[in-house]
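Chemist: model.cif is the file, holding mmCIF, C-alpha atoms:
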```cif
data_target
#
loop_
_atom_site.group_PDB
_atom_site.id
_atom_site.type_symbol
_atom_site.label_atom_id
_atom_site.label_comp_id
_atom_site.auth_asym_id
_atom_site.auth_seq_id
_atom_site.Cartn_x
_atom_site.Cartn_y
_atom_site.Cartn_z
ATOM 1 C CA MET F 2 -78.084 34.051 96.338
ATOM 2 C CA ILE F 3 -77.635 31.445 93.600
ATOM 3 C CA PRO F 4 -78.770 32.594 90.137
ATOM 4 C CA THR F 5 -81.509 30.572 88.544
ATOM 5 C CA LEU F 6 -81.038 28.761 85.262
ATOM 6 C CA ILE F 7 -83.170 31.356 83.469
ATOM 7 C CA GLU F 8 -81.027 34.201 84.828
ATOM 8 C CA LEU F 9 -77.882 32.408 83.677
ATOM 9 C CA LEU F 10 -79.347 31.901 80.200
ATOM 10 C CA ILE F 11 -80.408 35.548 79.958
ATOM 11 C CA ASN F 12 -76.992 36.756 81.131
ATOM 12 C CA THR F 13 -75.207 34.438 78.699
ATOM 13 C CA ALA F 14 -77.428 35.516 75.803
ATOM 14 C CA THR F 15 -76.878 39.188 76.656
ATOM 15 C CA PHE F 16 -73.130 38.662 76.780
ATOM 16 C CA LEU F 17 -73.089 36.812 73.454
ATOM 17 C CA LEU F 18 -75.199 39.513 71.789
ATOM 18 C CA ALA F 19 -72.819 42.182 73.077
ATOM 19 C CA VAL F 20 -69.797 40.267 71.745
ATOM 20 C CA PHE F 21 -71.510 39.713 68.390
ATOM 21 C CA GLY F 22 -72.416 43.408 68.192
ATOM 22 C CA CYS F 23 -68.818 44.399 68.936
ATOM 23 C CA LEU F 24 -67.550 42.064 66.210
ATOM 24 C CA ILE F 25 -69.964 43.565 63.670
ATOM 25 C CA ILE F 26 -68.978 47.103 64.620
ATOM 26 C CA GLY F 27 -65.299 46.126 64.524
ATOM 27 C CA ALA F 28 -65.597 44.548 61.087
ATOM 28 C CA LEU F 29 -67.510 47.520 59.687
ATOM 29 C CA THR F 30 -64.967 49.911 61.202
ATOM 30 C CA LEU F 31 -62.014 48.049 59.687
ATOM 31 C CA ASN F 32 -63.655 47.790 56.265
ATOM 32 C CA ASN F 33 -64.786 51.424 56.395
ATOM 33 C CA PRO F 34 -67.526 51.094 53.767
ATOM 34 C CA PRO F 35 -69.275 54.321 52.728
ATOM 35 C CA LEU F 36 -72.278 53.738 55.004
ATOM 36 C CA SER F 37 -73.709 57.252 54.739
ATOM 37 C CA ASP F 38 -73.544 57.501 50.933
ATOM 38 C CA PRO F 39 -76.579 56.918 48.681
ATOM 39 C CA PRO F 40 -78.787 54.932 48.686
ATOM 40 C CA GLY F 41 -78.630 55.438 52.466
ATOM 41 C CA PHE F 42 -77.383 53.962 55.723
ATOM 42 C CA PHE F 43 -80.028 51.274 56.249
ATOM 43 C CA VAL F 44 -79.944 49.979 52.673
ATOM 44 C CA ARG F 45 -76.165 49.747 52.837
ATOM 45 C CA LEU F 46 -76.093 48.166 56.294
ATOM 46 C CA ARG F 47 -78.615 45.526 55.208
ATOM 47 C CA THR F 48 -76.524 44.840 52.096
ATOM 48 C CA TYR F 49 -73.251 44.543 54.023
ATOM 49 C CA LEU F 50 -74.834 42.193 56.578
ATOM 50 C CA THR F 51 -76.665 39.947 54.103
ATOM 51 C CA THR F 52 -74.523 39.691 50.962
ATOM 52 C CA ASN F 53 -71.044 38.264 50.588
ATOM 53 C CA SER F 54 -70.034 39.850 47.297
ATOM 54 C CA ALA F 55 -69.722 43.181 45.523
ATOM 55 C CA GLU F 56 -69.264 43.971 41.861
ATOM 56 C CA THR F 57 -68.987 46.860 39.476
ATOM 57 C CA LYS F 58 -71.775 47.167 36.942
ATOM 58 C CA PRO F 59 -73.657 49.788 34.957
ATOM 59 C CA ASN F 60 -76.318 51.696 36.901
ATOM 60 C CA HIS F 61 -75.234 50.199 40.232
ATOM 61 C CA PRO F 62 -77.303 51.588 43.138
ATOM 62 C CA PHE F 63 -74.052 52.189 45.039
ATOM 63 C CA PRO F 64 -72.278 54.975 43.091
ATOM 64 C CA GLU F 65 -68.771 53.771 43.992
ATOM 65 C CA LEU F 66 -69.532 50.451 42.257
ATOM 66 C CA GLU F 67 -70.604 52.011 38.964
ATOM 67 C CA LEU F 68 -68.780 50.266 36.100
ATOM 68 C CA PRO F 69 -65.402 52.033 35.691
ATOM 69 C CA ARG F 70 -64.415 53.027 32.175
ATOM 70 C CA VAL F 71 -60.890 54.197 31.451
ATOM 71 C CA ALA F 72 -59.195 55.507 28.319
ATOM 72 C CA ILE F 73 -56.396 52.927 28.445
ATOM 73 C CA ALA F 74 -55.928 49.844 26.265
ATOM 74 C CA PRO F 75 -56.884 46.634 28.123
ATOM 75 C CA GLY F 76 -53.435 45.034 27.823
ATOM 76 C CA LEU F 77 -51.696 48.016 29.413
ATOM 77 C CA LEU F 78 -54.423 48.319 32.029
ATOM 78 C CA LEU F 79 -54.081 44.638 32.959
ATOM 79 C CA THR F 80 -50.347 45.152 33.508
ATOM 80 C CA ARG F 81 -51.092 48.116 35.771
ATOM 81 C CA ILE F 82 -53.683 46.096 37.665
ATOM 82 C CA GLU F 83 -51.109 43.346 38.260
ATOM 83 C CA LEU F 84 -48.729 45.958 39.693
ATOM 84 C CA THR F 85 -51.517 47.379 41.838
ATOM 85 C CA VAL F 86 -52.486 43.946 43.181
ATOM 86 C CA ASP F 87 -48.842 43.371 44.075
ATOM 87 C CA ILE F 88 -48.677 46.720 45.900
ATOM 88 C CA LEU F 89 -51.838 45.798 47.824
ATOM 89 C CA ASP F 90 -50.099 42.539 48.813
ATOM 90 C CA TRP F 91 -52.848 40.374 47.358
ATOM 91 C CA GLU F 92 -52.041 36.941 45.986
ATOM 92 C CA ILE F 93 -52.351 36.667 42.217
ATOM 93 C CA VAL F 94 -53.886 33.284 41.420
ATOM 94 C CA GLU F 95 -54.173 33.591 37.660
ATOM 95 C CA VAL F 96 -53.659 36.118 34.884
ATOM 96 C CA ASP F 97 -55.114 35.497 31.445
ATOM 97 C CA ALA F 98 -53.500 38.180 29.281
ATOM 98 C CA ARG F 99 -55.241 36.952 26.155
ATOM 99 C CA ASN F 100 -58.720 37.484 27.630
ATOM 100 C CA PHE F 101 -57.710 40.404 29.892
ATOM 101 C CA GLU F 102 -58.668 38.608 33.113
ATOM 102 C CA LEU F 103 -57.105 38.417 36.559
ATOM 103 C CA HIS F 104 -57.974 36.418 39.681
ATOM 104 C CA ALA F 105 -56.507 37.437 43.031
ATOM 105 C CA VAL F 106 -57.065 36.411 46.652
ATOM 106 C CA VAL F 107 -57.282 38.882 49.524
ATOM 107 C CA GLU F 108 -56.987 37.919 53.180
ATOM 108 C CA THR F 109 -59.299 39.942 55.429
ATOM 109 C CA SER F 110 -57.674 41.745 58.327
ATOM 110 C CA LEU F 111 -60.065 40.852 61.153
ATOM 111 C CA PHE F 112 -60.883 37.163 60.714
ATOM 112 C CA ARG F 113 -58.240 36.205 58.091
ATOM 113 C CA PHE F 114 -60.883 34.913 55.681
ATOM 114 C CA LYS F 115 -59.893 34.615 52.045
ATOM 115 C CA ASP F 116 -61.887 36.590 49.494
ATOM 116 C CA ASP F 117 -61.644 36.226 45.714
ATOM 117 C CA VAL F 118 -61.319 39.217 43.404
ATOM 118 C CA PHE F 119 -61.946 38.733 39.692
ATOM 119 C CA VAL F 120 -61.184 41.419 37.121
ATOM 120 C CA LYS F 121 -62.396 41.199 33.530
ATOM 121 C CA LEU F 122 -61.424 43.985 31.137
ATOM 122 C CA ASN F 123 -63.616 44.624 28.110
ATOM 123 C CA PRO F 124 -62.203 46.759 25.299
ATOM 124 C CA THR F 125 -64.496 49.488 23.978
ATOM 125 C CA PRO F 126 -63.988 52.133 21.291
ATOM 126 C CA ALA F 127 -63.324 54.680 24.064
ATOM 127 C CA GLY F 128 -60.948 52.499 26.117
ATOM 128 C CA THR F 129 -61.703 49.731 28.595
ATOM 129 C CA GLU F 130 -64.523 48.730 30.938
ATOM 130 C CA MET F 131 -63.411 47.209 34.246
ATOM 131 C CA HIS F 132 -65.740 44.483 35.490
ATOM 132 C CA ILE F 133 -64.625 43.689 39.042
ATOM 133 C CA ARG F 134 -66.230 41.148 41.354
ATOM 134 C CA ALA F 135 -65.095 40.468 44.908
ATOM 135 C CA SER F 136 -66.680 37.631 46.861
ATOM 136 C CA SER F 137 -66.197 35.960 50.205
ATOM 137 C CA ARG F 138 -65.635 32.238 50.407
ATOM 138 C CA VAL F 139 -67.233 32.011 53.854
ATOM 139 C CA GLY F 140 -70.388 33.515 55.310
ATOM 140 C CA ARG F 141 -73.500 35.273 54.106
ATOM 141 C CA GLY F 142 -72.507 38.831 54.966
ATOM 142 C CA ASP F 143 -69.162 40.458 54.261
ATOM 143 C CA PHE F 144 -69.507 43.577 56.466
ATOM 144 C CA GLY F 145 -68.477 45.690 53.470
ATOM 145 C CA ALA F 146 -65.174 43.850 52.954
ATOM 146 C CA ASN F 147 -65.722 43.142 49.266
ATOM 147 C CA THR F 148 -66.745 46.713 48.536
ATOM 148 C CA ARG F 149 -63.554 47.745 50.338
ATOM 149 C CA HIS F 150 -61.467 45.392 48.166
ATOM 150 C CA ILE F 151 -62.883 46.966 45.003
ATOM 151 C CA LEU F 152 -62.406 50.494 46.338
ATOM 152 C CA ASP F 153 -58.824 49.740 47.407
ATOM 153 C CA LEU F 154 -58.032 48.335 43.971
ATOM 154 C CA LEU F 155 -59.555 51.309 42.148
ATOM 155 C CA THR F 156 -57.975 53.897 44.457
ATOM 156 C CA MET F 157 -54.509 52.382 44.193
ATOM 157 C CA LEU F 158 -54.895 51.889 40.445
ATOM 158 C CA ARG F 159 -55.752 55.571 39.974
ATOM 159 C CA ARG F 160 -52.454 56.413 41.670
ATOM 160 C CA GLN F 161 -50.633 54.187 39.167
ATOM 161 C CA VAL F 162 -52.313 55.579 36.050
#
```
Now that the file is in, can you turn its structure into structure tokens?

Modeler:
Amino acid sequence: MIPTLIELLINTATFLLAVFGCLIIGALTLNNPPLSDPPGFFVRLRTYLTTNSAETKPNHPFPELELPRVAIAPGLLLTRIELTVDILDWEIVEVDARNFELHAVVETSLFRFKDDVFVKLNPTPAGTEMHIRASSRVGRGDFGANTRHILDLLTMLRRQV
């Protein structure tokens, strides 16, 4: 029996949805974002599928993106961040030592997209605040990749400090 055009369209659409679903699951698995952490799975999933950036800031709803504060002078911290970025095998685009800023590029593992990571260090009486922003150049959702970039940077940096 020859399939009708409608059956072919339904089968093709089903196949494409399955492939798309596998790609989403694959990307989320590779990026390993903290899906079950507060504020909850569905809020996080919606965020990872609809936003293409992540940043540290005060009172962030995602606890891991709360603005980091460290008791290290910004100049020394910037040097350690440069070392950390090198260890992570990210490309350093620019370092502005005078303003305590760094721009790096990360290549994603699944689709080889390039994401930008910007670090701005603000000196405070107690040390330094680390404003970090990671953003994708392509797409509307990052599948948690930019959160992963920030977490990788902070985790590796803690090992260096």

Chemist: Do you have the atom CA of Lys121 of chain F-atom CA of Gly41 of chain F distance handy?

Modeler: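 Computing it gives 28.7 Å between the two atoms.
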
Chemist: Decode the PyMOL selection byres ((chain F and resi 78-87) around 7) for the given file into explicit residues and return them as an NGL selection string.

Modeler: :F and (73-77 or 88-91 or 101 or 154 or 157-158 or 161)

Chemist: Return the single residue from F:Thr129, F:Thr5, F:Asn53, F:Asn33 that is closest to Leu152 of chain F, with distances computed using all atoms listed in the file.

Modeler: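 The closest residue to Leu152 of chain F is F:Asn33.
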
Chemist: Can you work out the spacing between atom CA of Thr51 of chain F and atom CA of Leu155 of chain F in Å, to one decimal?

Modeler: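 So the answer is 23.8 Å.
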
Chemist: Set the distance at 9 Å and use all atoms listed in the file: which residues neighbour Glu102 of chain F once local chain neighbours fewer than 4 positions away are removed? I'd like the list as a ChimeraX atom specification.

Modeler: /F:79,95-98,119-122

Chemist: Can you work out the spacing between atom CA of Ala14 of chain F and atom CA of Leu50 of chain F in Å, to one decimal?

Modeler: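 Interatomic distance, atom CA of Ala14 of chain F to atom CA of Leu50 of chain F: 20.5 Å.
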
Chemist: From the list F:Gly128, F:Phe112, F:Arg134, F:Ala146, which residue is nearest Glu56 of chain F when using all atoms listed in the file?

Modeler: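 Checking each candidate against Glu56 of chain F, we get F:Arg134 as the closest.
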
Chemist: I'd like to know which of F:Asp117, F:Glu92, F:Glu8, F:Glu130 is closest to Thr148 of chain F, using only C-alpha atoms.

Modeler: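 Smallest separation from Thr148 of chain F among the options: F:Asp117.
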